[in-house]
Amino acid sequence: MGTLLFTHPICLEHDMGSWHPEAPARLKAILDTLGDDQFAGLDRREAPLGTMQDIERVHAAYYAETIFENVPKSGHVHLDADTAMNSASGDAALRAVGALCAAVDSVLKGEAKNAFCAVRPPGHHAEVAAAMGFCLFNNVAIAAEYARQVHGLERVAVIDFDGHHGNGSQNYFFRYRDLFYGSSHQYPAYPGTGMEHETGVFNNICNIPLKPGAGTTEFREGYSEKVLPALRNFAPELLLISAGFDGHVRDPLLQLRLETEDYAWVTHELLEVAETSCNGRVVSTLEGGYDLSALAASAGVHVKVMMEAAGA
C-alpha cells in the first residue's frame with residue numbers, strides 16, 4: 001500500500017527568529033533528503049488545513065482563539081521565552097494539524113500502510129491551554145482524538161523518541177484508559193518531566209529517562225525491556241510516532257549519544273509491534289532535532305524503514 005508523505009510549503013515560512021534552533025532549515029534539510037531517488041516511491045501529498053474543531057478536540061477553545069488572534073502581520077509575537085510566531089505561524093500550525101488528521105484518514109481507510117508528516121511547528125510540549133517548548137498545538141494528541149472521535153477507534157498509542165520529554169502529550173493522555181504514551185528522553189533536561197513513576201491513572205504511561213551521556217545500549221534496552229512490551233500489551237489499533245531526532249550524538253541541545261542507526265532500529269521495532277497489533281497502521285510526525293545533517297540522515301532512515309515495511 002505504500003507510505004505517504006504529508007507536508008506544505010507554509011511550514012517552511014513559520015519562523016521564530018534568526019537565533020532560534022527550531023528553524024525553517026530543519027524542514028528543508030529533511031525535504032532535501034526525501035527528494036533523493038531512494039525515496040521516489042513516497043506518495044507525496046499537500047497537507048490540508050486543519051480546523052478549529054480538530055484543535056478543540058484537545059485544546060481549550062479560548063486558547064486556540066487566542067493563538068490565531070495574536071498572529072502578527074509582521075515581526076514576531078512571543079508566547080513564552082522559547083516560543084514565538086510570525087505571520088506564517090497560524091497557517092503553518094493549521095497545516096500541521098491537517099497533515100496529521102489527513103494521514104490518519106488515509107491510513108485507516110487503507111490508502112496507505114503508513115505516513116510521515118514533515119511539518120512544523122512541532123507539538124509534543126503544547127499543553128491544553130498553553131504554548132510551550134517551540135510548540136503551539138499538540139499535533140499527535142489531536143490525531144489520537146481524531147482517530148477516536150471520527151473513526152471510532154478504542155485504543156491509540158503514541159511513542160515519542162524525541163530527546164525531550166513530551167510533557168503536553170503525557171499530561172493529556174494521563175487520565176485516559178484508551179490512550180497510551182511511551183517516551184524515551186534525557187533526564188534531567190527540559191522540560192523536567194518524564195520520570196519512571198509517572199505511569200498514568202490506568203498505567204498507560206511508560207517513560208524511559210536517560211541520563212546525559214546515555215547512548216545506543218541504554219536506549220535499546222529501554223525499548224526492548226519496557227516500552228515495546230508495554231506497547232504490545234496495550235495492543236493499539238493505531239500507532240502514532242512523535243519522531244524527534246535530538247537524541248543524536250551531534251545534536252547541540254542535549255547530551256545523549258544516539259547514532260543514526262538507532263533511529264532505524266527503533267522504527268523497525270515499533271513497526272513490528274504495529275504489524276501484529278494494527279496491521280501496520282502508523283502515522284509519524286516530526287518533532288525535534290537541531291543538527292541539520294544528523295536530523296536529515298535520521299529522518300531519512302526513519303522514513304526508509306517505514307517504506308520498506310509498506311512495500312514501497
# chains A, B, ... in the order shown; residues from 1 in each chain; ligands from 1

call {"tool": "residues_around", "arguments": {"residues": "A:Leu4", "least_positions_apart": "5", "cutoff": "9 Å", "atoms": "only C-alpha atoms", "output": "PyMOL selection string"}}
result
chain A and resi 42-45+103+106-107+111-117+307

call {"tool": "write_last_selection", "arguments": {"atoms": "N, CA and C atoms", "output": "JSON list (two decimals), in the first residue's frame"}}
result
[["chain", "number", "residue", "atom", "x", "y", "z"],
["A", 42, "LEU", "N", 7.69, 7.32, -2.39],
["A", 42, "LEU", "CA", 6.76, 8.01, -1.47],
["A", 42, "LEU", "C", 5.57, 8.58, -2.24],
["A", 43, "ASP", "N", 4.40, 8.46, -1.67],
["A", 43, "ASP", "CA", 3.19, 9.11, -2.19],
["A", 43, "ASP", "C", 3.11, 10.48, -1.52],
["A", 44, "ARG", "N", 3.45, 11.53, -2.26],
["A", 44, "ARG", "CA", 3.59, 12.87, -1.70],
["A", 44, "ARG", "C", 2.28, 13.64, -1.82],
["A", 45, "ARG", "N", 1.82, 14.17, -0.68],
["A", 45, "ARG", "CA", 0.55, 14.89, -0.65],
["A", 45, "ARG", "C", 0.68, 16.21, 0.09],
["A", 103, "ALA", "N", -3.49, 12.19, 7.40],
["A", 103, "ALA", "CA", -2.71, 10.95, 7.43],
["A", 103, "ALA", "C", -3.48, 9.85, 8.15],
["A", 106, "SER", "N", -6.16, 8.59, 5.80],
["A", 106, "SER", "CA", -5.64, 7.77, 4.71],
["A", 106, "SER", "C", -5.21, 6.39, 5.17],
["A", 107, "VAL", "N", -4.53, 6.34, 6.32],
["A", 107, "VAL", "CA", -4.05, 5.05, 6.82],
["A", 107, "VAL", "C", -5.21, 4.17, 7.28],
["A", 111, "GLU", "N", -5.64, 3.52, 2.32],
["A", 111, "GLU", "CA", -5.00, 4.12, 1.15],
["A", 111, "GLU", "C", -3.48, 3.94, 1.19],
["A", 112, "ALA", "N", -2.94, 3.76, 2.39],
["A", 112, "ALA", "CA", -1.51, 3.56, 2.57],
["A", 112, "ALA", "C", -1.31, 2.76, 3.84],
["A", 113, "LYS", "N", -0.15, 2.14, 3.95],
["A", 113, "LYS", "CA", 0.19, 1.38, 5.15],
["A", 113, "LYS", "C", 0.54, 2.32, 6.30],
["A", 114, "ASN", "N", 1.32, 3.36, 5.97],
["A", 114, "ASN", "CA", 1.79, 4.29, 6.99],
["A", 114, "ASN", "C", 2.04, 5.65, 6.37],
["A", 115, "ALA", "N", 2.38, 6.64, 7.21],
["A", 115, "ALA", "CA", 2.56, 8.00, 6.72],
["A", 115, "ALA", "C", 3.54, 8.75, 7.61],
["A", 116, "PHE", "N", 4.29, 9.66, 6.99],
["A", 116, "PHE", "CA", 5.17, 10.58, 7.71],
["A", 116, "PHE", "C", 4.75, 12.00, 7.40],
["A", 117, "CYS", "N", 4.58, 12.81, 8.46],
["A", 117, "CYS", "CA", 4.17, 14.21, 8.31],
["A", 117, "CYS", "C", 5.40, 15.09, 8.55],
["A", 307, "MET", "N", 8.94, 2.89, 4.61],
["A", 307, "MET", "CA", 8.68, 2.49, 3.22],
["A", 307, "MET", "C", 8.91, 0.99, 3.02]]

call {"tool": "residues_around", "arguments": {"residues": "A:Cys11", "least_positions_apart": "2", "cutoff": "8 Å", "atoms": "only C-alpha atoms", "output": "list in words"}}
result
Thr7, His8, Pro9, Glu13, His14, Pro24, Leu27, Ala88, Ser89, Ala92, Ala93, Arg95, Ala96, Val119, Arg120 and Pro121 of chain A

call {"tool": "residues_around", "arguments": {"residues": "A:Lys73", "least_positions_apart": "2", "cutoff": "10 Å", "atoms": "only C-alpha atoms", "output": "MDAnalysis selection string"}}
result
chainID A and resid 70:71 75:77 86:88

call {"tool": "closest_atom_pairs", "arguments": {"of": "stretch 242-283 of chain A", "to": "stretch 181-190 of chain A", "cutoff": "9 Å", "atoms": "only C-alpha atoms", "output": "tab-separated table"}}
result
residue	atom	partner	partner_atom	distance
A:Gly247	CA	A:His185	CA	7.5
A:Leu254	CA	A:Gln186	CA	7.4
A:Gln255	CA	A:Gln186	CA	7.7
A:Leu256	CA	A:Gln186	CA	6.8

call {"tool": "residues_around", "arguments": {"residues": "A:Ile30", "least_positions_apart": "3", "cutoff": "7 Å", "atoms": "only C-alpha atoms", "output": "ChimeraX atom specification"}}
result
/A:26-27,33-34,296,299

call {"tool": "closest_residue", "arguments": {"among": "A:Gly90, A:Gly163, A:Pro236, A:Pro191", "to": "A:Ala147", "atoms": "only C-alpha atoms"}}
result
A:Pro236

call {"tool": "closest_residue", "arguments": {"among": "A:Val201, A:Leu258, A:Ala61, A:Met52", "to": "A:Gly213", "atoms": "only C-alpha atoms"}}
result
A:Leu258

call {"tool": "atom_distance", "arguments": {"atom1": "atom CA of A:Val273", "atom2": "atom CA of A:Ile55"}}
result
28.7 Å

call {"tool": "closest_atom_pairs", "arguments": {"of": "stretch 122-163 of chain A", "to": "stretch 261-268 of chain A", "cutoff": "12 Å", "atoms": "only C-alpha atoms", "output": "tab-separated table"}}
result
residue	atom	partner	partner_atom	distance
A:Ile159	CA	A:Thr267	CA	10.2
A:Asp160	CA	A:Val266	CA	10.7
A:Phe161	CA	A:Val266	CA	8.5
A:Asp162	CA	A:Tyr263	CA	10.4
A:Gly163	CA	A:Tyr263	CA	11.7

call {"tool": "atom_distance", "arguments": {"atom1": "atom CA of A:Leu108", "atom2": "atom CA of A:Cys206"}}
result
25.3 Å

call {"tool": "residues_around", "arguments": {"residues": "A:Val97", "least_positions_apart": "4", "cutoff": "8 Å", "atoms": "only C-alpha atoms", "output": "PyMOL selection string"}}
result
chain A and resi 49-51+54-55+93+101+137+139+142-143

call {"tool": "write_last_selection", "arguments": {"atoms": "C-alpha atoms", "output": "PDB file, in the first residue's frame"}}
result
ATOM      1  CA  LEU A  49      -5.804  22.892   6.558  1.00  0.00           C
ATOM      2  CA  GLY A  50      -6.841  21.555   9.932  1.00  0.00           C
ATOM      3  CA  THR A  51      -9.929  23.018  11.556  1.00  0.00           C
ATOM      4  CA  ASP A  54      -9.841  19.386  15.165  1.00  0.00           C
ATOM      5  CA  ILE A  55      -7.782  21.577  17.503  1.00  0.00           C
ATOM      6  CA  ALA A  93       0.066  25.263  12.582  1.00  0.00           C
ATOM      7  CA  CYS A 101      -5.662  14.238  10.531  1.00  0.00           C
ATOM      8  CA  PHE A 137      -0.763  22.775  19.241  1.00  0.00           C
ATOM      9  CA  ASN A 139      -0.393  17.511  16.809  1.00  0.00           C
ATOM     10  CA  ILE A 142      -5.102  15.906  18.192  1.00  0.00           C
ATOM     11  CA  ALA A 143      -4.501  12.989  15.812  1.00  0.00           C
TER      12      ALA A 143
END

call {"tool": "residues_around", "arguments": {"residues": "stretch 193-199 of chain A", "least_positions_apart": "3", "cutoff": "7 Å", "atoms": "only C-alpha atoms", "output": "NGL selection string"}}
result
:A and (165 or 167 or 203-209)

call {"tool": "write_last_selection", "arguments": {"atoms": "C-alpha atoms", "output": "mmCIF file, in the first residue's frame"}}
result
data_model
loop_
_atom_site.group_PDB
_atom_site.id
_atom_site.type_symbol
_atom_site.label_atom_id
_atom_site.label_comp_id
_atom_site.auth_asym_id
_atom_site.auth_seq_id
_atom_site.Cartn_x
_atom_site.Cartn_y
_atom_site.Cartn_z
ATOM 1 C CA HIS A 165 10.018 14.505 27.178
ATOM 2 C CA ASN A 167 5.021 16.756 28.708
ATOM 3 C CA ASN A 203 -0.811 2.511 33.981
ATOM 4 C CA ASN A 204 -0.957 3.873 30.446
ATOM 5 C CA ILE A 205 2.257 5.926 30.566
ATOM 6 C CA CYS A 206 5.732 4.404 30.130
ATOM 7 C CA ASN A 207 8.804 6.604 30.500
ATOM 8 C CA ILE A 208 12.477 5.832 29.885
ATOM 9 C CA PRO A 209 14.516 8.670 31.410
#

call {"tool": "residues_around", "arguments": {"residues": "A:Ala141", "least_positions_apart": "6", "cutoff": "9 Å", "atoms": "only C-alpha atoms", "output": "number ranges by chain"}}
result
A: 57-58, 123-124, 158, 168-169, 172-173

call {"tool": "write_last_selection", "arguments": {"atoms": "C-alpha atoms", "output": "PDB file, in the first residue's frame"}}
result
ATOM      1  CA  ARG A  57     -10.715  18.062  20.464  1.00  0.00           C
ATOM      2  CA  VAL A  58      -7.656  18.594  22.684  1.00  0.00           C
ATOM      3  CA  GLY A 123       3.685  19.713  19.025  1.00  0.00           C
ATOM      4  CA  HIS A 124       4.519  17.396  21.909  1.00  0.00           C
ATOM      5  CA  VAL A 158       1.875   7.427  20.868  1.00  0.00           C
ATOM      6  CA  GLY A 168       1.983  18.012  26.795  1.00  0.00           C
ATOM      7  CA  SER A 169       1.254  14.600  25.306  1.00  0.00           C
ATOM      8  CA  TYR A 172      -3.258  14.872  28.054  1.00  0.00           C
ATOM      9  CA  PHE A 173      -3.030  11.070  27.897  1.00  0.00           C
TER      10      PHE A 173
END

call {"tool": "atom_distance", "arguments": {"atom1": "atom CA of A:Asp15", "atom2": "atom CA of A:Cys135"}}
result
12.1 Å

call {"tool": "closest_residue", "arguments": {"among": "A:Leu94, A:Leu240, A:Ile10, A:Cys278", "to": "A:Glu145", "atoms": "only C-alpha atoms"}}
result
A:Leu240

call {"tool": "select_by_dssp", "arguments": {"residues": "stretch 154-208 of chain A", "states": "helix (DSSP H, G or I)", "output": "PyMOL selection string"}}
result
chain A and resi 167-173

call {"tool": "closest_residue", "arguments": {"among": "A:Ala84, A:Ala40, A:Ala126, A:Leu5", "to": "A:Trp19", "atoms": "only C-alpha atoms"}}
result
A:Ala84
